[in-house]
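Text of query33.cif, listed as mmCIF, C-alpha atoms:
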data_model
loop_
_atom_site.label_atom_id
_atom_site.label_comp_id
_atom_site.auth_asym_id
_atom_site.auth_seq_id
_atom_site.Cartn_x
_atom_site.Cartn_y
_atom_site.Cartn_z
CA ARG A 1 0.00 0.00 0.00
CA LEU A 2 2.97 2.34 0.53
CA ASP A 3 4.09 1.47 -3.02
CA ILE A 4 7.79 1.68 -2.20
CA ALA A 5 8.67 -0.32 -5.32
CA GLY A 6 6.73 2.07 -7.51
CA ALA A 7 8.34 5.10 -5.86
CA LEU A 8 11.82 3.66 -6.48
CA ALA A 9 11.01 2.71 -10.08
CA ASP A 10 14.28 2.25 -12.02
CA GLY A 11 16.33 4.50 -9.76
CA GLU A 12 17.68 4.50 -6.24
CA ALA A 13 16.92 6.75 -3.27
CA SER A 14 17.69 7.33 0.38
CA ALA A 15 15.16 6.38 3.02
CA GLU A 16 14.58 10.09 3.64
CA THR A 17 13.83 10.84 -0.01
CA LEU A 18 11.58 7.81 -0.27
CA ALA A 19 9.73 8.85 2.87
CA GLU A 20 8.98 12.23 1.29
CA ARG A 21 7.69 10.54 -1.88
CA ILE A 22 5.31 8.17 -0.13
CA GLY A 23 4.37 10.22 2.93
CA ALA A 24 6.10 8.20 5.64
CA ASP A 25 8.41 8.67 8.60
CA ALA A 26 12.02 8.37 7.39
CA ASP A 27 13.34 6.40 10.38
CA ALA A 28 10.37 4.01 10.43
CA LEU A 29 10.69 3.46 6.67
CA TYR A 30 14.41 2.78 6.98
CA ARG A 31 13.80 0.15 9.65
CA LEU A 32 11.15 -1.51 7.48
CA LEU A 33 13.41 -1.49 4.44
CA ARG A 34 16.31 -2.89 6.45
CA MET A 35 14.17 -5.89 7.37
CA LEU A 36 12.90 -6.32 3.81
CA VAL A 37 16.44 -6.25 2.42
CA ALA A 38 17.37 -8.98 4.89
CA MET A 39 14.45 -11.00 3.48
CA GLY A 40 15.64 -10.51 -0.09
CA VAL A 41 13.14 -7.80 -1.04
CA PHE A 42 14.86 -4.56 -2.26
CA GLU A 43 18.61 -3.92 -2.29
CA GLU A 44 20.61 -1.58 -0.07
CA VAL A 45 23.19 -0.07 -2.43
CA ALA A 46 24.82 2.16 0.20
CA SER A 47 24.15 3.10 3.80
CA ILE A 48 20.42 3.95 4.07
CA ARG A 49 20.11 4.03 0.26
CA PHE A 50 17.94 1.59 -1.66
CA LYS A 51 16.83 0.38 -5.07
CA ASN A 52 14.56 -2.32 -6.45
CA ASN A 53 15.94 -5.79 -6.97
CA ARG A 54 14.48 -8.54 -9.14
CA LEU A 55 11.99 -9.62 -6.48
CA SER A 56 10.74 -6.18 -5.43
CA SER A 57 10.31 -5.18 -9.08
CA TYR A 58 7.29 -7.48 -9.29
CA LEU A 59 5.58 -5.19 -6.75
CA ARG A 60 5.77 -2.22 -9.14
CA PRO A 61 2.36 -1.31 -10.62
CA ASP A 62 4.00 -0.78 -14.03
CA HIS A 63 5.84 -4.13 -14.15
CA PRO A 64 4.47 -6.28 -17.03
CA HIS A 65 4.20 -9.23 -14.62
CA SER A 66 3.24 -7.30 -11.51
CA VAL A 67 1.77 -9.30 -8.62
CA ARG A 68 1.03 -6.19 -6.56
CA ALA A 69 -2.75 -6.57 -6.81
CA MET A 70 -2.55 -10.24 -5.80
CA VAL A 71 -0.46 -9.38 -2.72
CA LEU A 72 -2.81 -6.53 -1.79
CA MET A 73 -5.90 -8.71 -2.21
CA HIS A 74 -4.60 -11.58 -0.08
CA ASN A 75 -3.50 -9.13 2.63
CA SER A 76 -6.60 -6.93 2.48
CA PRO A 77 -8.69 -6.43 5.64
CA GLU A 78 -11.45 -8.48 4.02
CA ILE A 79 -9.27 -11.56 3.56
CA SER A 80 -7.12 -11.09 6.67
CA ARG A 81 -10.08 -10.88 9.05
CA SER A 82 -11.29 -14.27 7.89
CA TRP A 83 -7.95 -15.87 8.80
CA PHE A 84 -7.26 -14.01 12.04
CA GLU A 85 -10.76 -13.93 13.52
CA GLN A 86 -12.65 -16.98 12.28
CA LEU A 87 -10.25 -19.74 11.17
CA GLU A 88 -10.71 -21.74 14.37
CA GLN A 89 -14.49 -21.55 14.12
CA GLY A 90 -14.33 -22.69 10.51
CA VAL A 91 -12.15 -25.67 11.42
CA ARG A 92 -14.59 -26.55 14.22
CA GLY A 93 -17.32 -26.75 11.59
CA ASP A 94 -19.22 -23.56 12.37
CA GLY A 95 -19.17 -22.23 8.81
CA VAL A 96 -17.03 -20.48 6.20
CA PRO A 97 -14.57 -18.12 7.95
CA PHE A 98 -15.18 -15.31 5.43
CA GLU A 99 -18.95 -15.55 5.95
CA LEU A 100 -18.52 -15.62 9.72
CA ALA A 101 -16.33 -12.49 9.55
CA HIS A 102 -18.44 -10.50 7.09
CA GLY A 103 -21.97 -11.86 7.42
CA GLN A 104 -22.32 -12.83 3.77
CA ALA A 105 -20.77 -15.03 1.11
CA PHE A 106 -17.60 -13.98 -0.73
CA TYR A 107 -19.17 -13.09 -4.09
CA SER A 108 -22.19 -11.43 -2.48
CA TYR A 109 -19.80 -9.29 -0.46
CA MET A 110 -18.00 -8.25 -3.64
CA ASP A 111 -21.30 -7.25 -5.25
CA GLY A 112 -21.83 -4.69 -2.49
CA ASN A 113 -18.21 -3.55 -2.12
CA PRO A 114 -16.97 -2.21 -5.46
CA GLU A 115 -13.49 -1.27 -4.17
CA PHE A 116 -12.75 -4.84 -3.03
CA ASP A 117 -14.46 -6.21 -6.15
CA ALA A 118 -12.09 -4.13 -8.32
CA LEU A 119 -9.06 -5.29 -6.32
CA PHE A 120 -10.14 -8.92 -6.69
CA ALA A 121 -10.55 -8.45 -10.46
CA GLN A 122 -7.08 -6.89 -10.69
CA ALA A 123 -5.64 -9.81 -8.72
CA MET A 124 -7.30 -12.31 -11.08
CA ASP A 125 -5.86 -10.42 -14.05
CA SER A 126 -2.37 -11.00 -12.63
CA VAL A 127 -2.73 -14.78 -12.20
CA GLU A 128 -0.80 -15.39 -15.42
CA ALA A 129 2.22 -13.60 -13.90
CA LEU A 130 2.27 -16.27 -11.18
CA ALA A 131 1.16 -19.32 -13.12
CA GLY A 132 2.78 -18.68 -16.50
CA ASP A 133 1.16 -19.15 -19.90
CA SER A 134 1.51 -22.91 -20.40
CA PHE A 135 -2.28 -23.07 -20.73
CA VAL A 136 -1.74 -21.34 -24.08
CA THR A 137 1.00 -23.65 -25.35
CA ASP A 138 0.25 -27.04 -23.77
CA PHE A 139 -3.26 -27.38 -25.22
CA ASP A 140 -4.07 -27.18 -28.93
CA TRP A 141 -6.61 -24.37 -29.19
CA SER A 142 -6.14 -24.22 -32.97
CA CYS A 143 -8.78 -26.93 -33.46
CA PHE A 144 -11.48 -24.49 -32.41
CA GLU A 145 -12.95 -21.27 -33.74
CA ARG A 146 -14.40 -19.66 -30.62
CA ILE A 147 -13.72 -19.74 -26.88
CA ILE A 148 -16.64 -19.15 -24.54
CA ASP A 149 -14.78 -17.99 -21.44
CA VAL A 150 -17.21 -18.41 -18.54
CA GLY A 151 -16.22 -16.74 -15.29
CA GLY A 152 -13.11 -15.38 -17.01
CA SER A 153 -13.16 -11.93 -15.36
CA LYS A 154 -12.06 -9.44 -18.04
CA GLY A 155 -10.82 -12.25 -20.29
CA ALA A 156 -7.06 -12.21 -19.68
CA LYS A 157 -6.68 -15.91 -20.47
CA SER A 158 -8.77 -15.67 -23.63
CA LEU A 159 -6.71 -12.70 -24.77
CA ALA A 160 -3.46 -14.65 -24.29
CA ILE A 161 -4.87 -17.53 -26.37
CA LEU A 162 -6.17 -15.20 -29.10
CA LYS A 163 -2.76 -13.60 -29.49
CA ARG A 164 -1.26 -16.99 -30.35
CA HIS A 165 -4.17 -18.07 -32.60
CA PRO A 166 -5.24 -15.27 -34.96
CA HIS A 167 -8.21 -17.22 -36.30
CA LEU A 168 -9.85 -17.58 -32.89
CA LYS A 169 -12.59 -15.44 -31.39
CA ALA A 170 -13.67 -15.27 -27.76
CA LEU A 171 -16.85 -14.52 -25.87
CA VAL A 172 -16.09 -13.58 -22.25
CA ALA A 173 -19.02 -14.11 -19.88
CA ASP A 174 -18.97 -13.00 -16.25
CA ARG A 175 -20.84 -10.84 -13.75
CA GLU A 176 -22.06 -7.53 -15.14
CA GLN A 177 -19.90 -5.39 -12.87
CA VAL A 178 -16.80 -7.39 -13.83
CA ILE A 179 -17.09 -7.16 -17.61
CA GLN A 180 -18.79 -3.81 -18.10
CA GLY A 181 -15.45 -1.99 -18.35
CA ALA A 182 -13.45 -4.87 -19.82
CA ALA A 183 -13.25 -3.64 -23.42
CA GLN A 184 -12.08 -0.20 -22.34
CA PHE A 185 -9.59 -1.77 -19.92
CA TRP A 186 -7.91 -3.74 -22.71
CA LYS A 187 -8.06 -0.78 -25.08
CA GLU A 188 -6.14 1.33 -22.58
CA LYS A 189 -3.61 -1.51 -22.30
CA GLY A 190 -2.98 -1.26 -26.04
CA GLU A 191 -4.69 -4.55 -26.91
CA GLY A 192 -6.79 -3.13 -29.73
CA ALA A 193 -5.97 -5.76 -32.36
CA ALA A 194 -6.90 -8.86 -30.35
CA LEU A 195 -9.80 -6.98 -28.78
CA GLN A 196 -11.49 -6.86 -32.19
CA ARG A 197 -12.00 -10.63 -31.84
CA MET A 198 -13.43 -10.46 -28.30
CA SER A 199 -16.99 -9.87 -27.16
CA PHE A 200 -18.47 -9.67 -23.67
CA GLU A 201 -21.73 -10.84 -22.13
CA ALA A 202 -23.10 -10.70 -18.60
CA CYS A 203 -24.09 -14.06 -17.14
CA ASP A 204 -24.55 -15.95 -13.89
CA LEU A 205 -23.02 -19.40 -14.21
CA LEU A 206 -25.44 -20.76 -11.62
CA GLN A 207 -28.40 -19.61 -13.74
CA SER A 208 -27.39 -20.04 -17.39
CA VAL A 209 -24.46 -19.60 -19.80
CA PRO A 210 -24.22 -18.48 -23.44
CA LYS A 211 -25.17 -21.21 -25.87
CA ALA A 212 -22.60 -22.80 -28.18
CA ARG A 213 -23.13 -22.48 -31.92
CA SER A 214 -21.00 -25.35 -33.27
CA ASP A 215 -18.59 -28.12 -32.38
CA LYS A 216 -15.81 -25.62 -33.07
CA ASP A 217 -16.77 -23.78 -29.89
CA ILE A 218 -15.02 -24.63 -26.64
CA TYR A 219 -16.08 -23.53 -23.18
CA LEU A 220 -13.30 -22.43 -20.85
CA LEU A 221 -13.85 -22.48 -17.09
CA SER A 222 -10.56 -21.42 -15.55
CA ALA A 223 -10.27 -21.56 -11.74
CA VAL A 224 -14.01 -21.09 -11.40
CA LEU A 225 -15.34 -24.36 -10.00
CA HIS A 226 -12.82 -24.57 -7.15
CA GLY A 227 -14.72 -21.67 -5.54
CA PHE A 228 -17.98 -23.69 -5.44
CA ASP A 229 -19.18 -26.48 -3.19
CA ASP A 230 -20.15 -29.76 -4.87
CA LYS A 231 -23.82 -28.82 -5.27
CA ALA A 232 -23.01 -25.52 -6.98
CA CYS A 233 -20.40 -27.25 -9.19
CA ILE A 234 -22.97 -29.76 -10.36
CA THR A 235 -25.47 -26.98 -11.10
CA ALA A 236 -22.87 -24.98 -13.04
CA LEU A 237 -21.69 -27.98 -15.02
CA HIS A 238 -25.29 -28.90 -15.87
CA HIS A 239 -25.80 -25.42 -17.32
CA VAL A 240 -22.63 -25.66 -19.38
CA ALA A 241 -23.48 -29.19 -20.57
CA GLU A 242 -26.95 -28.03 -21.58
CA ALA A 243 -25.54 -25.07 -23.51
CA ALA A 244 -22.89 -27.24 -25.18
CA ALA A 245 -24.92 -30.37 -25.92
CA GLU A 246 -26.84 -29.40 -29.05
CA SER A 247 -23.69 -28.27 -30.87
CA ASP A 248 -21.41 -30.90 -29.32
CA ALA A 249 -19.07 -28.17 -28.11
CA ALA A 250 -16.07 -29.12 -25.97
CA ILE A 251 -15.61 -27.97 -22.37
CA ALA A 252 -12.18 -27.19 -20.89
CA VAL A 253 -12.08 -27.01 -17.10
CA MET A 254 -8.74 -25.60 -16.00
CA GLU A 255 -8.10 -26.33 -12.33
CA MET A 256 -5.53 -27.73 -9.98
CA VAL A 257 -5.77 -31.44 -9.36
CA MET A 258 -4.74 -32.35 -5.84
CA PRO A 259 -2.67 -35.50 -5.33
CA ASP A 260 -4.24 -38.26 -3.25
CA LYS A 261 -1.56 -37.70 -0.60
CA ARG A 262 1.42 -35.46 0.21
CA ALA A 263 0.26 -32.26 -1.42
CA ASP A 264 2.99 -29.64 -1.67
CA MET A 265 2.84 -26.29 0.10
CA GLY A 266 1.50 -24.43 -2.92
CA LEU A 267 -1.45 -26.75 -3.54
CA ALA A 268 -2.29 -27.05 0.15
CA SER A 269 -2.20 -23.25 0.50
CA PHE A 270 -4.57 -22.77 -2.43
CA ASP A 271 -6.96 -25.26 -0.88
CA MET A 272 -6.89 -23.41 2.46
CA GLN A 273 -7.66 -20.15 0.67
CA MET A 274 -10.74 -21.85 -0.73
CA PHE A 275 -11.64 -23.14 2.74
CA VAL A 276 -11.29 -19.76 4.42
CA ASN A 277 -13.06 -17.65 1.80
CA THR A 278 -15.57 -19.87 -0.01
CA ARG A 279 -17.47 -23.13 0.19
CA GLY A 280 -15.15 -24.55 -2.47
CA ARG A 281 -12.02 -26.68 -2.42
CA GLU A 282 -9.17 -27.98 -4.56
CA ARG A 283 -10.09 -31.51 -5.65
CA THR A 284 -8.34 -34.77 -6.45
CA LEU A 285 -8.99 -36.38 -9.83
CA ALA A 286 -11.30 -38.91 -8.14
CA GLU A 287 -13.30 -36.04 -6.62
CA TRP A 288 -13.56 -34.32 -10.00
CA ARG A 289 -14.73 -37.56 -11.60
CA ARG A 290 -17.47 -37.96 -8.97
CA LEU A 291 -18.70 -34.45 -9.75
CA PHE A 292 -18.66 -35.08 -13.50
CA ASP A 293 -20.65 -38.30 -13.05
CA GLN A 294 -23.44 -36.22 -11.47
CA SER A 295 -23.24 -33.33 -13.92
CA ALA A 296 -24.20 -34.68 -17.35
CA VAL A 297 -20.60 -34.43 -18.58
CA VAL A 298 -17.98 -37.01 -19.52
CA LEU A 299 -14.27 -36.59 -18.89
CA GLN A 300 -12.45 -37.29 -22.16
CA GLU A 301 -8.90 -36.26 -21.41
CA VAL A 302 -6.63 -34.81 -18.72
CA VAL A 303 -4.04 -32.48 -20.22
CA GLY A 304 -1.11 -31.74 -17.95
CA LEU A 305 0.35 -28.24 -17.95
CA GLN A 306 3.91 -27.22 -17.20
CA THR A 307 2.57 -25.18 -14.31
CA PHE A 308 0.55 -26.55 -11.39
CA GLY A 309 -2.79 -26.79 -13.18
CA LYS A 310 -4.41 -29.25 -15.57
CA ILE A 311 -7.05 -28.96 -18.28
CA LEU A 312 -9.89 -31.44 -17.83
CA VAL A 313 -11.51 -31.87 -21.25
CA LEU A 314 -15.23 -32.68 -21.10
CA ARG A 315 -18.20 -33.27 -23.38
CA ALA A 316 -21.89 -33.29 -22.63
CA ALA A 317 -22.81 -36.83 -21.59
CA HIS A 318 -24.84 -37.72 -24.66
CA CYS A 319 -22.08 -36.44 -26.99
CA THR A 320 -19.62 -39.25 -27.53
CA SER A 321 -17.61 -37.81 -30.42
CA SER A 322 -13.92 -37.46 -29.76
CA LEU A 323 -12.05 -34.17 -29.76
CA PRO A 324 -10.59 -33.14 -33.12
CA CYS A 325 -7.32 -32.54 -31.27
CA SER A 326 -6.21 -31.58 -27.80
CA ARG A 327 -2.51 -31.70 -27.19
CA ALA A 328 -0.16 -29.05 -28.50
#

Just dump the structure as structure tokens.
Amino acid sequence: RLDIAGALADGEASAETLAERIGADADALYRLLRMLVAMGVFEEVASIRFKNNRLSSYLRPDHPHSVRAMVLMHNSPEISRSWFEQLEQGVRGDGVPFELAHGQAFYSYMDGNPEFDALFAQAMDSVEALAGDSFVTDFDWSCFERIIDVGGSKGAKSLAILKRHPHLKALVADREQVIQGAAQFWKEKGEGAALQRMSFEACDLLQSVPKARSDKDIYLLSAVLHGFDDKACITALHHVAEAAAESDAAIAVMEMVMPDKRADMGLASFDMQMFVNTRGRERTLAEWRRLFDQSAVVLQEVVGLQTFGKILVLRAAHCTSSLPCSRA
């Protein structure tokens, strides 16, 4: 929130100069920076004089792979209260910590709190900086003509795919308040060319989704279902299957797949974020299969990605045709 990395930019400055730039006490800022340097964040180039290093640069708002919004979101009062005040009650089975702390569900809270909603959207836009773009290269999107990106926020993942495949188009469908400024957002980012192949539509995944037009359409649900409990997942998948069935469109569910045992720190941490903030969870492949069996969809392929996620390729249950292609 102080934006020290942004204030330093490409230069270097004394703690006193930095304090003037960001409106802080020089001695307090120096002590903070001294600790951060010891942790590997920022570099002390001379006594009480600092500059960005490789790690702190990712906290700059203008860095192409900035994770600033993600850090701010996970350390916001909204998220922190859930951990600090209600984690024990959640573990004891008294409810979702976020709901206990705020009196309403995560997405309902965002609907009524535009500032946090905007921060969450910015954090989701920066996911690629953390996870990489192997979802673009490890799956063969060239077999399709249109992506229907459901729950895709402003459509960052679709945009990345469209840049690699000039023939593709994308329809991004999400909550009204999320997508209403999406086109302008990308225009200001200089994405005019790819934006010409993107369209946006408001939808509620738990009510209905845009209908596919042909078997060259593919639905993309990226890190959406892990925020839902099993009942909501089944409802959402039913809606997608219904919208895809007539045209025999494919469905790509991009999620983490938990191992049956000995999950690493990253996967376990993601799962605990789901526990604290939502009624969702990260699931094992067996758990995903059980959901699919109840959701009118058939799992056709599991495509591993170089990062920690996988693409689970589905078809509506009555559609038994195989994919035209899937692997890159």

Please define a box with edges along x, y and z of the file around all atoms of region 229-240 of chain A given in the file, extend it by 8 Å on each side, and return its centre and edge lengths in Å to one decimal, as AutoDock Vina command-line options.
--center_x -22.5 --center_y -27.4 --center_z -11.3 --size_x 22.6 --size_y 20.8 --size_z 32.2

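Checking A:Leu29, A:Leu159, A:Leu55, A:Ile79 one by one against Tyr109 (chain A), counting all atoms listed in the file, you find the shortest gap at A:Ile79.
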
Original post:
Can you tell me how far CA of Arg60 (chain A) sits from CA of Leu267 (chain A), in Å to one decimal?
Top reply: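 For CA of Arg60 (chain A) relative to CA of Leu267 (chain A), the distance reads 26.2 Å.
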
Subject >> Atom pair CA of Leu32 (chain A) / CA of Gly266 (chain A): separation (Å) >> reply: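 Here the two named atoms are 27.0 Å from each other.
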
**OP:** Taking the file above as input, evaluate the PyMOL selection byres ((chain A and resi 318) around 12) and report the hits as a list in words.
**Re:** Ala241, Glu242, Ala244, Ala245, Glu246, Ser247, Asp248, Ala249, Ser295, Ala296, Val297, Val298, Leu314, Arg315, Ala316, Ala317, Cys319, Thr320 and Ser321 of chain A

Enumerate, in order of chain and increasing residue number, the residues of region 177-242 of chain A with an atom no farther than 12 Å from region 119-123 of chain A, each with its shortest atom pair and distance in Å to one decimal, counting all atoms listed in the file, as a Markdown table.
| residue | atom | partner | partner_atom | distance |
| --- | --- | --- | --- | --- |
| A:Gln177 | CA | A:Ala121 | CA | 10.1 |
| A:Val178 | CA | A:Ala121 | CA | 7.2 |
| A:Ile179 | CA | A:Ala121 | CA | 9.8 |
| A:Gly181 | CA | A:Ala121 | CA | 11.3 |
| A:Ala182 | CA | A:Ala121 | CA | 10.4 |
| A:Phe185 | CA | A:Gln122 | CA | 10.8 |

**OP:** Output the residue selection produced by the PyMOL selection byres ((chain A and resi 133) around 10) on the file above, formatted as a PyMOL selection string.
**Re:** chain A and resi 127-132+134-138+157+160-161+305-307

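Here CA of Leu237 (chain A) stands at a distance of 27.8 Å from CA of Leu100 (chain A).
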
Original post:
Care to translate the PyMOL selection byres ((chain A and resi 207) around 10) into actual residues of this file, as a PyMOL selection string?
Top reply: chain A and resi 203-206+208-209+235-236+239

**OP:** May I have the residues within 8 Å of Ala101 (chain A) as number ranges by chain, using only C-alpha atoms and disregarding those fewer than 4 positions away in the same chain?
**Re:** A: 81-82, 85-86, 97

Taking C-alpha atoms for each residue, export the selection above as a compact mmCIF listing (two decimals), in the coordinates of the input.
# COMPACT_ATOMS: atom_id res chain seq x y z
CA ARG A 81 -10.08 -10.88 9.05
CA SER A 82 -11.29 -14.27 7.89
CA GLU A 85 -10.76 -13.93 13.52
CA GLN A 86 -12.65 -16.98 12.28
CA PRO A 97 -14.57 -18.12 7.95

**OP:** Can you pull out every residue within 8 Å of Leu59 (chain A), counting all atoms listed in the file, but drop anything in the same chain fewer than 3 positions away, and send it as a list in words?
**Re:** Asp3, Ala5, Gly6, Leu55, Ser56, His63, Ser66, Val67 and Arg68 of chain A

**OP:** Show me as an MDAnalysis selection string the residues that reach within 10 Å of (-8.5, -18.7, -27.3), counting only C-alpha atoms and using the file's own coordinates.
**Re:** chainID A and resid 136 140:142 144:149 155 157:171 197:198 218:220

Report as a compact mmCIF listing (two decimals) with C-alpha atoms, keeping the file's coordinate frame all protein, DNA and RNA residues lying within 12 Å of Val41 (chain A), evaluated on all atoms listed in the file, omitting residues in the same chain fewer than 2 positions from it.
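part02.txt, written as the output of this step:
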# COMPACT_ATOMS: atom_id res chain seq x y z
CA ILE A 4 7.79 1.68 -2.20
CA ALA A 5 8.67 -0.32 -5.32
CA LEU A 32 11.15 -1.51 7.48
CA LEU A 33 13.41 -1.49 4.44
CA ARG A 34 16.31 -2.89 6.45
CA MET A 35 14.17 -5.89 7.37
CA LEU A 36 12.90 -6.32 3.81
CA VAL A 37 16.44 -6.25 2.42
CA ALA A 38 17.37 -8.98 4.89
CA MET A 39 14.45 -11.00 3.48
CA GLU A 43 18.61 -3.92 -2.29
CA GLU A 44 20.61 -1.58 -0.07
CA PHE A 50 17.94 1.59 -1.66
CA LYS A 51 16.83 0.38 -5.07
CA ASN A 52 14.56 -2.32 -6.45
CA ASN A 53 15.94 -5.79 -6.97
CA ARG A 54 14.48 -8.54 -9.14
CA LEU A 55 11.99 -9.62 -6.48
CA SER A 56 10.74 -6.18 -5.43
CA SER A 57 10.31 -5.18 -9.08
CA TYR A 58 7.29 -7.48 -9.29
CA LEU A 59 5.58 -5.19 -6.75

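For the residues A:Gln294, A:Ser199, A:Ser222, A:Asn75, ranking by smallest atom-to-atom distance to Trp186 (chain A) using all atoms listed in the file places A:Ser199 first.
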
Original post:
Which residue, A:Ala193, A:Ala173, A:Met274, A:Ile311, has the smallest gap to Phe106 (chain A) when you use all atoms listed in the file?
Top reply: A:Met274
